[in-house]
Each structure stands twice: as structure tokens, then as C-alpha cells.
>>> print(open('protein06.pdb').read())   # PDB, C-alpha atoms, pLDDT in the B column
ATOM      1  CA  MET U 273      38.336  53.992  92.633  1.00 45.00           C
ATOM      2  CA  PHE U 274      36.089  56.652  94.184  1.00 48.00           C
ATOM      3  CA  SER U 275      38.545  57.449  96.958  1.00 49.00           C
ATOM      4  CA  TYR U 276      40.348  59.611  94.403  1.00 62.00           C
ATOM      5  CA  ASP U 277      40.408  63.404  94.633  1.00 83.00           C
ATOM      6  CA  LEU U 278      37.085  64.314  93.034  1.00 93.00           C
ATOM      7  CA  ARG U 279      38.623  67.443  91.518  1.00 94.00           C
ATOM      8  CA  ASP U 280      41.275  65.440  89.640  1.00 93.00           C
ATOM      9  CA  SER U 281      40.351  65.526  85.950  1.00 92.00           C
ATOM     10  CA  ILE U 282      42.591  62.611  84.991  1.00 90.00           C
ATOM     11  CA  LYS U 283      40.844  60.340  87.477  1.00 92.00           C
ATOM     12  CA  TRP U 284      37.536  61.394  85.916  1.00 95.00           C
ATOM     13  CA  VAL U 285      38.756  60.211  82.521  1.00 93.00           C
ATOM     14  CA  TYR U 286      38.993  56.741  84.041  1.00 93.00           C
ATOM     15  CA  ILE U 287      35.516  57.019  85.594  1.00 94.00           C
ATOM     16  CA  TYR U 288      34.083  58.095  82.230  1.00 96.00           C
ATOM     17  CA  ASP U 289      35.592  54.981  80.660  1.00 95.00           C
ATOM     18  CA  LEU U 290      33.602  52.905  83.162  1.00 96.00           C
ATOM     19  CA  ILE U 291      30.416  54.804  82.387  1.00 97.00           C
ATOM     20  CA  ARG U 292      30.931  54.493  78.629  1.00 96.00           C
ATOM     21  CA  SER U 293      31.495  50.762  79.024  1.00 95.00           C
ATOM     22  CA  ASP U 294      28.275  50.394  81.012  1.00 95.00           C
ATOM     23  CA  LEU U 295      26.121  52.506  78.693  1.00 95.00           C
ATOM     24  CA  GLY U 296      27.678  51.449  75.392  1.00 93.00           C
ATOM     25  CA  PHE U 297      29.043  54.848  74.387  1.00 95.00           C
ATOM     26  CA  ASN U 298      32.031  55.310  72.110  1.00 94.00           C
ATOM     27  CA  TYR U 299      35.196  57.127  73.215  1.00 96.00           C
ATOM     28  CA  LEU U 300      36.051  58.327  69.717  1.00 96.00           C
ATOM     29  CA  ASP U 301      32.635  59.967  69.349  1.00 96.00           C
ATOM     30  CA  ASP U 302      33.155  61.787  72.656  1.00 97.00           C
ATOM     31  CA  TYR U 303      36.658  62.824  71.637  1.00 97.00           C
ATOM     32  CA  ASN U 304      35.550  64.187  68.253  1.00 96.00           C
ATOM     33  CA  ALA U 305      32.834  66.230  69.964  1.00 97.00           C
ATOM     34  CA  SER U 306      35.364  67.665  72.414  1.00 97.00           C
ATOM     35  CA  VAL U 307      37.717  68.675  69.584  1.00 97.00           C
ATOM     36  CA  ILE U 308      34.849  70.488  67.880  1.00 97.00           C
ATOM     37  CA  LEU U 309      33.755  72.259  71.061  1.00 97.00           C
ATOM     38  CA  ASN U 310      37.312  73.380  71.771  1.00 97.00           C
ATOM     39  CA  MET U 311      37.589  74.881  68.280  1.00 96.00           C
ATOM     40  CA  LEU U 312      34.234  76.641  68.672  1.00 96.00           C
ATOM     41  CA  ILE U 313      34.884  78.329  72.007  1.00 96.00           C
ATOM     42  CA  ARG U 314      38.625  78.919  72.260  1.00 92.00           C
ATOM     43  CA  ARG U 315      38.268  82.516  71.047  1.00 87.00           C
ATOM     44  CA  LEU U 316      34.861  83.267  72.567  1.00 88.00           C
ATOM     45  CA  SER U 317      35.941  83.867  76.162  1.00 84.00           C
ATOM     46  CA  ASN U 318      38.923  83.608  78.476  1.00 92.00           C
ATOM     47  CA  VAL U 319      38.447  80.387  80.428  1.00 95.00           C
ATOM     48  CA  TYR U 320      40.738  81.571  83.226  1.00 95.00           C
ATOM     49  CA  GLU U 321      38.695  84.730  83.753  1.00 96.00           C
ATOM     50  CA  VAL U 322      35.455  82.751  83.775  1.00 97.00           C
ATOM     51  CA  GLU U 323      36.879  80.259  86.281  1.00 97.00           C
ATOM     52  CA  ASP U 324      38.063  83.118  88.495  1.00 98.00           C
ATOM     53  CA  TYR U 325      34.540  84.504  88.420  1.00 98.00           C
ATOM     54  CA  LEU U 326      33.012  81.102  89.225  1.00 98.00           C
ATOM     55  CA  LEU U 327      35.361  80.652  92.157  1.00 98.00           C
ATOM     56  CA  GLU U 328      34.503  84.104  93.509  1.00 98.00           C
ATOM     57  CA  LEU U 329      30.787  83.433  93.012  1.00 98.00           C
ATOM     58  CA  ILE U 330      30.581  79.925  94.442  1.00 98.00           C
ATOM     59  CA  SER U 331      33.395  79.575  96.994  1.00 97.00           C
ATOM     60  CA  ASN U 332      32.023  79.340 100.545  1.00 97.00           C
ATOM     61  CA  SER U 333      28.472  79.997  99.267  1.00 98.00           C
ATOM     62  CA  HIS U 334      25.265  78.074  99.820  1.00 98.00           C
ATOM     63  CA  VAL U 335      24.530  76.914  96.287  1.00 98.00           C
ATOM     64  CA  TYR U 336      21.145  75.767  94.978  1.00 98.00           C
ATOM     65  CA  VAL U 337      21.435  73.337  92.086  1.00 98.00           C
ATOM     66  CA  VAL U 338      18.185  73.065  90.114  1.00 98.00           C
ATOM     67  CA  GLY U 339      17.389  69.973  88.083  1.00 97.00           C
ATOM     68  CA  ALA U 340      14.668  69.639  85.473  1.00 96.00           C
ATOM     69  CA  GLY U 341      12.649  67.037  87.375  1.00 95.00           C
ATOM     70  CA  PRO U 342       8.836  67.192  87.621  1.00 96.00           C
ATOM     71  CA  THR U 343       8.893  68.912  91.035  1.00 96.00           C
ATOM     72  CA  CYS U 344      11.345  71.693  90.142  1.00 97.00           C
ATOM     73  CA  LEU U 345       8.821  74.515  89.698  1.00 97.00           C
ATOM     74  CA  GLN U 346       6.851  73.634  92.819  1.00 97.00           C
ATOM     75  CA  GLU U 347      10.028  73.394  94.886  1.00 97.00           C
ATOM     76  CA  LEU U 348      11.376  76.718  93.634  1.00 97.00           C
ATOM     77  CA  LYS U 349       8.106  78.518  94.306  1.00 96.00           C
ATOM     78  CA  SER U 350       7.971  77.134  97.830  1.00 96.00           C
ATOM     79  CA  LEU U 351      11.462  78.308  98.862  1.00 95.00           C
ATOM     80  CA  ASP U 352      11.411  80.361 102.048  1.00 90.00           C
ATOM     81  CA  THR U 353      14.644  82.195 101.234  1.00 91.00           C
ATOM     82  CA  THR U 354      16.276  83.711  98.177  1.00 92.00           C
ATOM     83  CA  PRO U 355      19.156  81.476  97.038  1.00 96.00           C
ATOM     84  CA  GLU U 356      22.668  82.916  97.240  1.00 95.00           C
ATOM     85  CA  VAL U 357      23.773  81.179  94.053  1.00 98.00           C
ATOM     86  CA  ILE U 358      21.698  79.191  91.561  1.00 98.00           C
ATOM     87  CA  VAL U 359      23.191  76.660  89.153  1.00 98.00           C
ATOM     88  CA  ALA U 360      20.647  75.306  86.675  1.00 98.00           C
ATOM     89  CA  ALA U 361      21.001  71.980  84.905  1.00 98.00           C
ATOM     90  CA  ASP U 362      20.120  72.317  81.222  1.00 97.00           C
ATOM     91  CA  GLY U 363      16.381  72.904  80.700  1.00 97.00           C
ATOM     92  CA  ALA U 364      15.958  73.732  84.391  1.00 98.00           C
ATOM     93  CA  LEU U 365      17.020  77.210  83.271  1.00 98.00           C
ATOM     94  CA  ARG U 366      13.444  77.726  82.035  1.00 97.00           C
ATOM     95  CA  CYS U 367      12.049  76.370  85.285  1.00 97.00           C
ATOM     96  CA  CYS U 368      14.085  78.963  87.186  1.00 98.00           C
ATOM     97  CA  LEU U 369      12.804  81.722  84.903  1.00 97.00           C
ATOM     98  CA  ASP U 370       9.199  80.573  85.330  1.00 97.00           C
ATOM     99  CA  ALA U 371       9.692  80.710  89.101  1.00 97.00           C
ATOM    100  CA  GLY U 372      11.088  84.240  88.915  1.00 96.00           C
ATOM    101  CA  TYR U 373      14.816  83.498  89.207  1.00 96.00           C
ATOM    102  CA  ILE U 374      17.635  84.084  86.754  1.00 95.00           C
ATOM    103  CA  PRO U 375      20.308  81.497  87.596  1.00 98.00           C
ATOM    104  CA  HIS U 376      23.960  82.437  87.781  1.00 98.00           C
ATOM    105  CA  VAL U 377      25.193  79.388  85.859  1.00 98.00           C
ATOM    106  CA  VAL U 378      23.660  76.851  83.507  1.00 98.00           C
ATOM    107  CA  VAL U 379      25.330  73.478  82.942  1.00 98.00           C
ATOM    108  CA  SER U 380      24.176  71.961  79.676  1.00 98.00           C
ATOM    109  CA  ASP U 381      24.908  69.612  76.806  1.00 97.00           C
ATOM    110  CA  LEU U 382      22.448  71.868  74.905  1.00 97.00           C
ATOM    111  CA  ASP U 383      19.780  69.225  74.255  1.00 94.00           C
ATOM    112  CA  GLY U 384      17.456  70.780  76.828  1.00 95.00           C
ATOM    113  CA  LEU U 385      17.864  74.391  75.733  1.00 97.00           C
ATOM    114  CA  ARG U 386      16.060  76.497  73.164  1.00 97.00           C
ATOM    115  CA  VAL U 387      17.683  79.223  71.081  1.00 97.00           C
ATOM    116  CA  GLY U 388      16.049  81.822  73.304  1.00 96.00           C
ATOM    117  CA  ASP U 389      17.728  80.311  76.350  1.00 97.00           C
ATOM    118  CA  LEU U 390      21.133  81.366  75.009  1.00 97.00           C
ATOM    119  CA  ARG U 391      20.505  85.115  75.194  1.00 97.00           C
ATOM    120  CA  TYR U 392      21.389  85.863  78.831  1.00 97.00           C
ATOM    121  CA  SER U 393      24.643  87.824  78.933  1.00 96.00           C
ATOM    122  CA  GLU U 394      24.797  87.688  82.749  1.00 95.00           C
ATOM    123  CA  LEU U 395      24.671  83.886  82.805  1.00 97.00           C
ATOM    124  CA  VAL U 396      27.731  81.612  82.661  1.00 98.00           C
ATOM    125  CA  TYR U 397      27.163  78.761  80.201  1.00 98.00           C
ATOM    126  CA  VAL U 398      29.076  75.582  81.005  1.00 98.00           C
ATOM    127  CA  VAL U 399      28.668  73.605  77.787  1.00 98.00           C
ATOM    128  CA  HIS U 400      29.473  69.900  77.607  1.00 98.00           C
ATOM    129  CA  ALA U 401      30.678  67.857  74.630  1.00 98.00           C
ATOM    130  CA  HIS U 402      29.706  64.216  74.168  1.00 97.00           C
ATOM    131  CA  GLY U 403      29.305  61.851  71.273  1.00 94.00           C
ATOM    132  CA  ASP U 404      25.788  62.683  70.150  1.00 93.00           C
ATOM    133  CA  ASN U 405      25.509  66.451  70.572  1.00 96.00           C
ATOM    134  CA  VAL U 406      27.841  67.643  67.800  1.00 97.00           C
ATOM    135  CA  SER U 407      24.996  69.134  65.756  1.00 96.00           C
ATOM    136  CA  ARG U 408      23.824  71.114  68.792  1.00 97.00           C
ATOM    137  CA  LEU U 409      27.356  72.347  69.438  1.00 97.00           C
ATOM    138  CA  LEU U 410      27.690  73.548  65.851  1.00 97.00           C
ATOM    139  CA  SER U 411      24.291  75.266  65.858  1.00 97.00           C
ATOM    140  CA  TYR U 412      24.104  76.720  69.371  1.00 97.00           C
ATOM    141  CA  VAL U 413      27.553  77.617  70.705  1.00 97.00           C
ATOM    142  CA  LYS U 414      27.897  80.609  68.385  1.00 96.00           C
ATOM    143  CA  LEU U 415      24.592  81.989  69.720  1.00 97.00           C
ATOM    144  CA  VAL U 416      25.590  81.996  73.396  1.00 97.00           C
ATOM    145  CA  LYS U 417      25.636  85.569  74.725  1.00 96.00           C
ATOM    146  CA  GLY U 418      27.132  84.957  78.170  1.00 96.00           C
ATOM    147  CA  PRO U 419      30.608  83.807  79.207  1.00 97.00           C
ATOM    148  CA  ILE U 420      31.203  80.208  78.181  1.00 97.00           C
ATOM    149  CA  VAL U 421      33.302  77.314  79.453  1.00 98.00           C
ATOM    150  CA  GLY U 422      33.551  73.996  77.639  1.00 98.00           C
ATOM    151  CA  THR U 423      33.682  70.636  79.388  1.00 98.00           C
ATOM    152  CA  THR U 424      34.555  67.171  78.158  1.00 98.00           C
ATOM    153  CA  GLN U 425      34.451  63.547  79.256  1.00 97.00           C
ATOM    154  CA  CYS U 426      37.748  62.747  77.538  1.00 95.00           C
ATOM    155  CA  ILE U 427      41.281  63.862  78.354  1.00 92.00           C
ATOM    156  CA  PRO U 428      40.873  67.666  78.331  1.00 91.00           C
ATOM    157  CA  ASN U 429      42.304  69.384  75.278  1.00 87.00           C
ATOM    158  CA  GLY U 430      42.803  73.075  74.612  1.00 94.00           C
ATOM    159  CA  VAL U 431      40.493  75.208  76.755  1.00 96.00           C
ATOM    160  CA  LEU U 432      38.154  72.380  77.797  1.00 97.00           C
ATOM    161  CA  ARG U 433      37.755  71.352  81.419  1.00 97.00           C
ATOM    162  CA  ILE U 434      36.495  68.484  83.565  1.00 98.00           C
ATOM    163  CA  TYR U 435      34.719  69.488  86.758  1.00 98.00           C
ATOM    164  CA  GLY U 436      33.210  66.057  87.402  1.00 97.00           C
ATOM    165  CA  GLY U 437      29.832  64.399  87.052  1.00 97.00           C
ATOM    166  CA  PHE U 438      28.154  62.776  84.071  1.00 97.00           C
ATOM    167  CA  THR U 439      24.595  63.956  83.398  1.00 97.00           C
ATOM    168  CA  ASP U 440      23.725  67.653  83.332  1.00 97.00           C
ATOM    169  CA  GLY U 441      22.233  67.393  86.813  1.00 97.00           C
ATOM    170  CA  ASP U 442      25.108  65.780  88.630  1.00 98.00           C
ATOM    171  CA  ARG U 443      27.657  67.759  86.606  1.00 98.00           C
ATOM    172  CA  ALA U 444      25.979  70.899  87.968  1.00 98.00           C
ATOM    173  CA  VAL U 445      26.358  69.502  91.488  1.00 98.00           C
ATOM    174  CA  TYR U 446      30.010  68.658  90.908  1.00 98.00           C
ATOM    175  CA  LEU U 447      30.623  72.121  89.461  1.00 98.00           C
ATOM    176  CA  ALA U 448      29.404  73.624  92.741  1.00 98.00           C
ATOM    177  CA  TYR U 449      31.735  71.305  94.642  1.00 98.00           C
ATOM    178  CA  TYR U 450      34.687  71.970  92.322  1.00 98.00           C
ATOM    179  CA  PHE U 451      34.447  75.689  92.975  1.00 98.00           C
ATOM    180  CA  ARG U 452      34.220  75.030  96.719  1.00 97.00           C
ATOM    181  CA  ALA U 453      30.588  75.619  97.639  1.00 98.00           C
ATOM    182  CA  LYS U 454      30.000  75.564 101.376  1.00 98.00           C
ATOM    183  CA  THR U 455      26.749  73.617 101.001  1.00 98.00           C
ATOM    184  CA  ILE U 456      24.696  72.351  98.073  1.00 98.00           C
ATOM    185  CA  ARG U 457      20.902  72.164  98.065  1.00 98.00           C
ATOM    186  CA  LEU U 458      19.226  70.099  95.367  1.00 98.00           C
ATOM    187  CA  VAL U 459      15.975  71.328  93.836  1.00 98.00           C
ATOM    188  CA  GLY U 460      13.989  69.361  91.265  1.00 96.00           C
ATOM    189  CA  PHE U 461      16.120  66.230  91.402  1.00 96.00           C
ATOM    190  CA  ASN U 462      13.856  63.224  90.871  1.00 91.00           C
ATOM    191  CA  LEU U 463      16.236  60.428  89.947  1.00 94.00           C
ATOM    192  CA  THR U 464      14.305  57.427  91.250  1.00 92.00           C
ATOM    193  CA  ASN U 465      10.651  57.966  90.297  1.00 90.00           C
ATOM    194  CA  GLY U 466      11.012  57.024  86.612  1.00 91.00           C
ATOM    195  CA  VAL U 467       9.641  60.354  85.346  1.00 93.00           C
ATOM    196  CA  MET U 468      11.338  62.953  83.162  1.00 92.00           C
ATOM    197  CA  GLY U 469      10.194  66.516  83.845  1.00 93.00           C
ATOM    198  CA  LYS U 470       8.732  68.697  81.109  1.00 96.00           C
ATOM    199  CA  TYR U 471      11.664  71.119  81.362  1.00 96.00           C
ATOM    200  CA  SER U 472      14.086  68.360  80.361  1.00 94.00           C
ATOM    201  CA  LYS U 473      13.525  68.781  76.625  1.00 94.00           C
ATOM    202  CA  PRO U 474      12.350  71.813  74.625  1.00 92.00           C
ATOM    203  CA  TRP U 475       9.564  69.893  72.903  1.00 93.00           C
ATOM    204  CA  LEU U 476       7.936  68.482  76.052  1.00 93.00           C
ATOM    205  CA  SER U 477       4.763  70.124  77.345  1.00 91.00           C
ATOM    206  CA  THR U 478       4.140  67.639  80.155  1.00 94.00           C
ATOM    207  CA  ASP U 479       6.141  65.295  82.331  1.00 91.00           C
ATOM    208  CA  THR U 480       6.782  61.937  80.675  1.00 94.00           C
ATOM    209  CA  VAL U 481       7.927  58.437  81.485  1.00 95.00           C
ATOM    210  CA  ALA U 482      11.704  58.178  81.319  1.00 92.00           C
ATOM    211  CA  SER U 483      13.224  55.843  78.761  1.00 93.00           C
ATOM    212  CA  ILE U 484      15.308  52.857  79.815  1.00 93.00           C
ATOM    213  CA  SER U 485      18.492  54.623  78.690  1.00 91.00           C
ATOM    214  CA  LYS U 486      17.509  57.697  80.695  1.00 93.00           C
ATOM    215  CA  LEU U 487      16.892  55.572  83.784  1.00 94.00           C
ATOM    216  CA  ARG U 488      20.363  54.069  83.443  1.00 95.00           C
ATOM    217  CA  LYS U 489      21.826  57.582  83.305  1.00 95.00           C
ATOM    218  CA  PHE U 490      19.783  58.536  86.385  1.00 95.00           C
ATOM    219  CA  LYS U 491      21.360  55.608  88.253  1.00 96.00           C
ATOM    220  CA  TRP U 492      24.828  56.925  87.477  1.00 97.00           C
ATOM    221  CA  ALA U 493      23.769  60.431  88.479  1.00 96.00           C
ATOM    222  CA  LYS U 494      22.496  59.180  91.826  1.00 97.00           C
ATOM    223  CA  LEU U 495      25.634  57.141  92.458  1.00 97.00           C
ATOM    224  CA  LEU U 496      27.892  60.085  91.697  1.00 97.00           C
ATOM    225  CA  ILE U 497      25.894  62.416  93.957  1.00 97.00           C
ATOM    226  CA  ASP U 498      25.972  59.767  96.709  1.00 96.00           C
ATOM    227  CA  ILE U 499      29.760  59.716  96.439  1.00 95.00           C
ATOM    228  CA  LEU U 500      30.010  63.496  96.482  1.00 96.00           C
ATOM    229  CA  SER U 501      27.815  63.707  99.590  1.00 96.00           C
ATOM    230  CA  GLN U 502      30.750  62.261 101.530  1.00 93.00           C
ATOM    231  CA  HIS U 503      32.795  65.342 100.625  1.00 94.00           C
ATOM    232  CA  VAL U 504      30.392  68.296 100.909  1.00 96.00           C
ATOM    233  CA  PRO U 505      27.018  68.805 102.673  1.00 97.00           C
ATOM    234  CA  ILE U 506      24.245  68.077 100.170  1.00 98.00           C
ATOM    235  CA  TYR U 507      20.612  68.723 101.098  1.00 97.00           C
ATOM    236  CA  GLY U 508      17.392  67.834  99.343  1.00 94.00           C
ATOM    237  CA  THR U 509      16.017  64.635  97.885  1.00 91.00           C
ATOM    238  CA  TYR U 510      17.248  62.959  94.734  1.00 93.00           C
TER
END
>>> encode(input="protein06.pdb", output="C-alpha cells")
Amino acid sequence: MFSYDLRDSIKWVYIYDLIRSDLGFNYLDDYNASVILNMLIRRLSNVYEVEDYLLELISNSHVYVVGAGPTCLQELKSLDTTPEVIVAADGALRCCLDAGYIPHVVVSDLDGLRVGDLRYSELVYVVHAHGDNVSRLLSYVKLVKGPIVGTTQCIPNGVLRIYGGFTDGDRAVYLAYYFRAKTIRLVGFNLTNGVMGKYSKPWLSTDTVASISKLRKFKWAKLLIDILSQHVPIYGTY
């Protein structure tokens, strides 16, 4: 199945069915969330203009994708060069800010962001709909100050898109690939050590042991990045 074009949204609908089956998620819940997100954002920004900007920003660039793992801050502070383009995964936005960087894009289902994280008008917010984040969509989308694109894990409806990936982290990686990054460097991706970084959730003050459900999501994230590494140069540990 993974020999498919990884930019083909319809093929991703099939992959998401496999993931839902494995993790016990419900398609109807995901679909309802996507309908709500589409209604919330369809008048907020022009998706075609935002995609044109993302293509101009990312195409042929060396993109750093920052995850919210426990090593993210240390890795960012130890960089020996200023990244061309930074894509942050959810709460890794705050890690970037703490390290002195404002990312260009944040990919988020909103469960790792605080209200204050929505205020950056220069940041593109790629907001994802899934079955259990409807309350966040209703509360947070209207507060986003930057350009916004909505993504789904169902058949895309309205202005919603599928760029690939499943968790915030690997969806950020696939976004870089979708918009034709030349290379992708992973920062703060710790998918195999069983620890969830403190930037992952707004209420965490320290790193914590990942739950069993989180570990199962990490396994999918790693698999999907492994597959993508056959299509684009990916550097860094995960």
C-alpha cells in the first residue's frame, strides 16, 4: 500500500482507515470534526493563497521540523546554523520560542497549544481535525491571528486538505515533503524512548512517561517517517 504517491490525499484516506482500525478510533467522529473545522475556517483565509505561500517558502529549502520531545530545546540551542525554514509540531512552537526562534509554520491539533500561542500573525497555522478535538476547534480556531489551513483524516471536504502523516510530528514532516522541501532535518523527535516532552501539553512542567496510547501513536509516526525517508532526505534521530 505504501508504494502509492505520498501526496495523493485519497490514498491517505485508506491509510487513515488502517490507523483508525489499529487504534480503535471512529470514522464518524473524525468526519464530524472535519465538518466543523471546515465551517470555522472557510471564511478566515484563502487556502489557495496560503498554499502558494507555503510552496514558495518550503520548495527546494532545507527545512527543520521541530517536535516536542524531551531533547528539543537542547537540540535547538546547539544548532550551528540558522535554519532556513522551521516547521513546529504543536507545542514545539513554545520550544522554538524559548530557543530564540519564531517558526514559519506550526502543525497542530491544538491540544498542545495555549491561547497565547495563537497570536503570531506571521505564522501559518495548519490545524488538524480529529474525533476528540472538537472542543478545541470551537474554542481556539477563532483566536488564530495568522493564516490558517485546515487538515483532515477523512475524505477532504470544502477547504480542508490532506498533506499526509498522522500525529502532529509526522504530519509536520509530511507537510515539508508535500511542499517539496529539498531536505528535512528532525529536531526533538524522540519516538522510541517512551518519554513525552514537557512541551507536548500546556499543563506539563516536566517530561513525563508516555501513555500506552501515546506509544502506539509514536509507532505509527515512526513507521510513516521511515516510509517518507525513501522519498526525501531526512536527517536527525527519531
>>> closest_residue(input="protein06.pdb", among="U:Lys491, U:Lys414, U:Leu385, U:Leu326", to="Tyr449 in chain U", atoms="only C-alpha atoms")
U:Leu326
>>> residues_around(input="protein06.pdb", residues="Ser472 in chain U", least_positions_apart="6", cutoff="9 Å", atoms="only C-alpha atoms", output="count of residues only")
10
>>> closest_residue(input="protein06.pdb", among="U:Ser293, U:Ser333, U:Asn298, U:Ser306", to="Cys426 in chain U", atoms="all atoms listed in the file")
U:Ser306
>>> residues_around(input="protein06.pdb", residues="range 365-379 of chain U", least_positions_apart="5", cutoff="6 Å", atoms="all atoms listed in the file", output="list in words")
Leu345, Lys349, Ile358, Val359, Ala360, Leu395, Val396, Tyr397, Val398 and Ala444 of chain U
>>> resolve_selection(input="protein06.pdb", expression="the PyMOL selection byres ((chain U and resi 453) around 10)", output="PDB file with C-alpha atoms, in the frame of the given file")
ATOM      1  CA  LEU U 327      35.361  80.652  92.157  1.00 98.00           C
ATOM      2  CA  LEU U 329      30.787  83.433  93.012  1.00 98.00           C
ATOM      3  CA  ILE U 330      30.581  79.925  94.442  1.00 98.00           C
ATOM      4  CA  SER U 331      33.395  79.575  96.994  1.00 97.00           C
ATOM      5  CA  ASN U 332      32.023  79.340 100.545  1.00 97.00           C
ATOM      6  CA  SER U 333      28.472  79.997  99.267  1.00 98.00           C
ATOM      7  CA  HIS U 334      25.265  78.074  99.820  1.00 98.00           C
ATOM      8  CA  VAL U 335      24.530  76.914  96.287  1.00 98.00           C
ATOM      9  CA  TYR U 336      21.145  75.767  94.978  1.00 98.00           C
ATOM     10  CA  VAL U 357      23.773  81.179  94.053  1.00 98.00           C
ATOM     11  CA  VAL U 445      26.358  69.502  91.488  1.00 98.00           C
ATOM     12  CA  TYR U 446      30.010  68.658  90.908  1.00 98.00           C
ATOM     13  CA  LEU U 447      30.623  72.121  89.461  1.00 98.00           C
ATOM     14  CA  ALA U 448      29.404  73.624  92.741  1.00 98.00           C
ATOM     15  CA  TYR U 449      31.735  71.305  94.642  1.00 98.00           C
ATOM     16  CA  TYR U 450      34.687  71.970  92.322  1.00 98.00           C
ATOM     17  CA  PHE U 451      34.447  75.689  92.975  1.00 98.00           C
ATOM     18  CA  ARG U 452      34.220  75.030  96.719  1.00 97.00           C
ATOM     19  CA  LYS U 454      30.000  75.564 101.376  1.00 98.00           C
ATOM     20  CA  THR U 455      26.749  73.617 101.001  1.00 98.00           C
ATOM     21  CA  ILE U 456      24.696  72.351  98.073  1.00 98.00           C
ATOM     22  CA  VAL U 504      30.392  68.296 100.909  1.00 96.00           C
ATOM     23  CA  PRO U 505      27.018  68.805 102.673  1.00 97.00           C
TER      24      PRO U 505
END
>>> closest_residue(input="protein06.pdb", among="U:Arg433, U:Arg488, U:Lys494, U:Lys470", to="Val285 in chain U", atoms="all atoms listed in the file")
U:Arg433
>>> residues_near_point(input="protein06.pdb", point="(28.3, 73.8, 69.4)", cutoff="10 Å", atoms="all atoms listed in the file", output="list in words")
Ala305, Ser306, Ile308, Leu309, Asn310, Met311, Leu312, Ile313, Asp381, Leu382, Val399, His400, Ala401, Asn405, Val406, Ser407, Arg408, Leu409, Leu410, Ser411, Tyr412, Val413, Lys414, Leu415, Val416 and Gly422 of chain U
>>> closest_residue(input="protein06.pdb", among="U:Glu347, U:Glu323, U:Asp498, U:Asp404", to="Ile420 in chain U", atoms="only C-alpha atoms")
U:Glu323
>>> closest_residue(input="protein06.pdb", among="U:Leu476, U:Leu458, U:Ile484, U:Ala493", to="Leu348 in chain U", atoms="all atoms listed in the file")
U:Leu458
>>> atom_distance(input="protein06.pdb", atom1="CA of Gly403 in chain U", atom2="CA of Arg292 in chain U")
10.5 Å
>>> closest_residue(input="protein06.pdb", among="U:Gly437, U:Tyr471, U:Pro342, U:Gly296", to="Ile499 in chain U", atoms="only C-alpha atoms")
U:Gly437
>>> atom_distance(input="protein06.pdb", atom1="CA of Ile497 in chain U", atom2="CA of Tyr288 in chain U")
14.9 Å
>>> atom_distance(input="protein06.pdb", atom1="CA of Asp440 in chain U", atom2="CA of Thr423 in chain U")
11.1 Å
>>> decode(input="protein06.pdb", residues="range 379-430 of chain U", atoms="C-alpha atoms", output="PDB file, in the first residue's frame")
ATOM      1  CA  VAL U 379       1.184  21.977  12.586  1.00  0.00           C
ATOM      2  CA  SER U 380      -1.263  21.284  15.386  1.00  0.00           C
ATOM      3  CA  ASP U 381      -4.437  19.564  16.505  1.00  0.00           C
ATOM      4  CA  LEU U 382      -4.491  22.342  19.156  1.00  0.00           C
ATOM      5  CA  ASP U 383      -4.122  20.094  22.212  1.00  0.00           C
ATOM      6  CA  GLY U 384      -0.531  21.217  22.742  1.00  0.00           C
ATOM      7  CA  LEU U 385      -1.116  24.942  22.306  1.00  0.00           C
ATOM      8  CA  ARG U 386      -2.089  27.673  24.731  1.00  0.00           C
ATOM      9  CA  VAL U 387      -4.257  30.663  23.860  1.00  0.00           C
ATOM     10  CA  GLY U 388      -1.148  32.830  23.786  1.00  0.00           C
ATOM     11  CA  ASP U 389       0.385  30.584  21.143  1.00  0.00           C
ATOM     12  CA  LEU U 390      -2.292  31.663  18.658  1.00  0.00           C
ATOM     13  CA  ARG U 391      -1.247  35.318  18.488  1.00  0.00           C
ATOM     14  CA  TYR U 392       1.532  35.201  15.875  1.00  0.00           C
ATOM     15  CA  SER U 393       0.300  36.862  12.686  1.00  0.00           C
ATOM     16  CA  GLU U 394       3.461  35.897  10.766  1.00  0.00           C
ATOM     17  CA  LEU U 395       2.989  32.190  11.484  1.00  0.00           C
ATOM     18  CA  VAL U 396       0.995  29.792   9.286  1.00  0.00           C
ATOM     19  CA  TYR U 397      -1.259  27.585  11.419  1.00  0.00           C
ATOM     20  CA  VAL U 398      -2.012  24.182   9.915  1.00  0.00           C
ATOM     21  CA  VAL U 399      -4.859  22.979  12.123  1.00  0.00           C
ATOM     22  CA  HIS U 400      -5.981  19.352  12.130  1.00  0.00           C
ATOM     23  CA  ALA U 401      -9.435  17.920  12.841  1.00  0.00           C
ATOM     24  CA  HIS U 402      -9.904  14.541  14.507  1.00  0.00           C
ATOM     25  CA  GLY U 403     -12.538  12.890  16.621  1.00  0.00           C
ATOM     26  CA  ASP U 404     -11.619  14.187  20.055  1.00  0.00           C
ATOM     27  CA  ASN U 405     -10.543  17.786  19.468  1.00  0.00           C
ATOM     28  CA  VAL U 406     -13.887  19.382  18.567  1.00  0.00           C
ATOM     29  CA  SER U 407     -13.989  21.473  21.746  1.00  0.00           C
ATOM     30  CA  ARG U 408     -10.510  22.830  20.990  1.00  0.00           C
ATOM     31  CA  LEU U 409     -11.527  23.644  17.424  1.00  0.00           C
ATOM     32  CA  LEU U 410     -14.572  25.563  18.635  1.00  0.00           C
ATOM     33  CA  SER U 411     -12.611  27.473  21.284  1.00  0.00           C
ATOM     34  CA  TYR U 412      -9.296  28.145  19.538  1.00  0.00           C
ATOM     35  CA  VAL U 413      -9.736  28.490  15.774  1.00  0.00           C
ATOM     36  CA  LYS U 414     -11.429  31.880  16.077  1.00  0.00           C
ATOM     37  CA  LEU U 415      -8.433  33.168  18.071  1.00  0.00           C
ATOM     38  CA  VAL U 416      -5.791  32.313  15.464  1.00  0.00           C
ATOM     39  CA  LYS U 417      -4.131  35.503  14.198  1.00  0.00           C
ATOM     40  CA  GLY U 418      -2.029  34.060  11.375  1.00  0.00           C
ATOM     41  CA  PRO U 419      -3.049  32.474   8.070  1.00  0.00           C
ATOM     42  CA  ILE U 420      -4.773  29.148   8.642  1.00  0.00           C
ATOM     43  CA  VAL U 421      -5.175  25.908   6.707  1.00  0.00           C
ATOM     44  CA  GLY U 422      -7.355  23.050   7.906  1.00  0.00           C
ATOM     45  CA  THR U 423      -6.442  19.392   7.525  1.00  0.00           C
ATOM     46  CA  THR U 424      -8.457  16.221   7.931  1.00  0.00           C
ATOM     47  CA  GLN U 425      -8.023  12.461   8.105  1.00  0.00           C
ATOM     48  CA  CYS U 426     -11.254  11.822   6.202  1.00  0.00           C
ATOM     49  CA  ILE U 427     -12.144  12.485   2.576  1.00  0.00           C
ATOM     50  CA  PRO U 428     -11.378  16.223   2.303  1.00  0.00           C
ATOM     51  CA  ASN U 429     -14.434  18.455   2.227  1.00  0.00           C
ATOM     52  CA  GLY U 430     -14.685  22.158   1.496  1.00  0.00           C
TER      53      GLY U 430
END
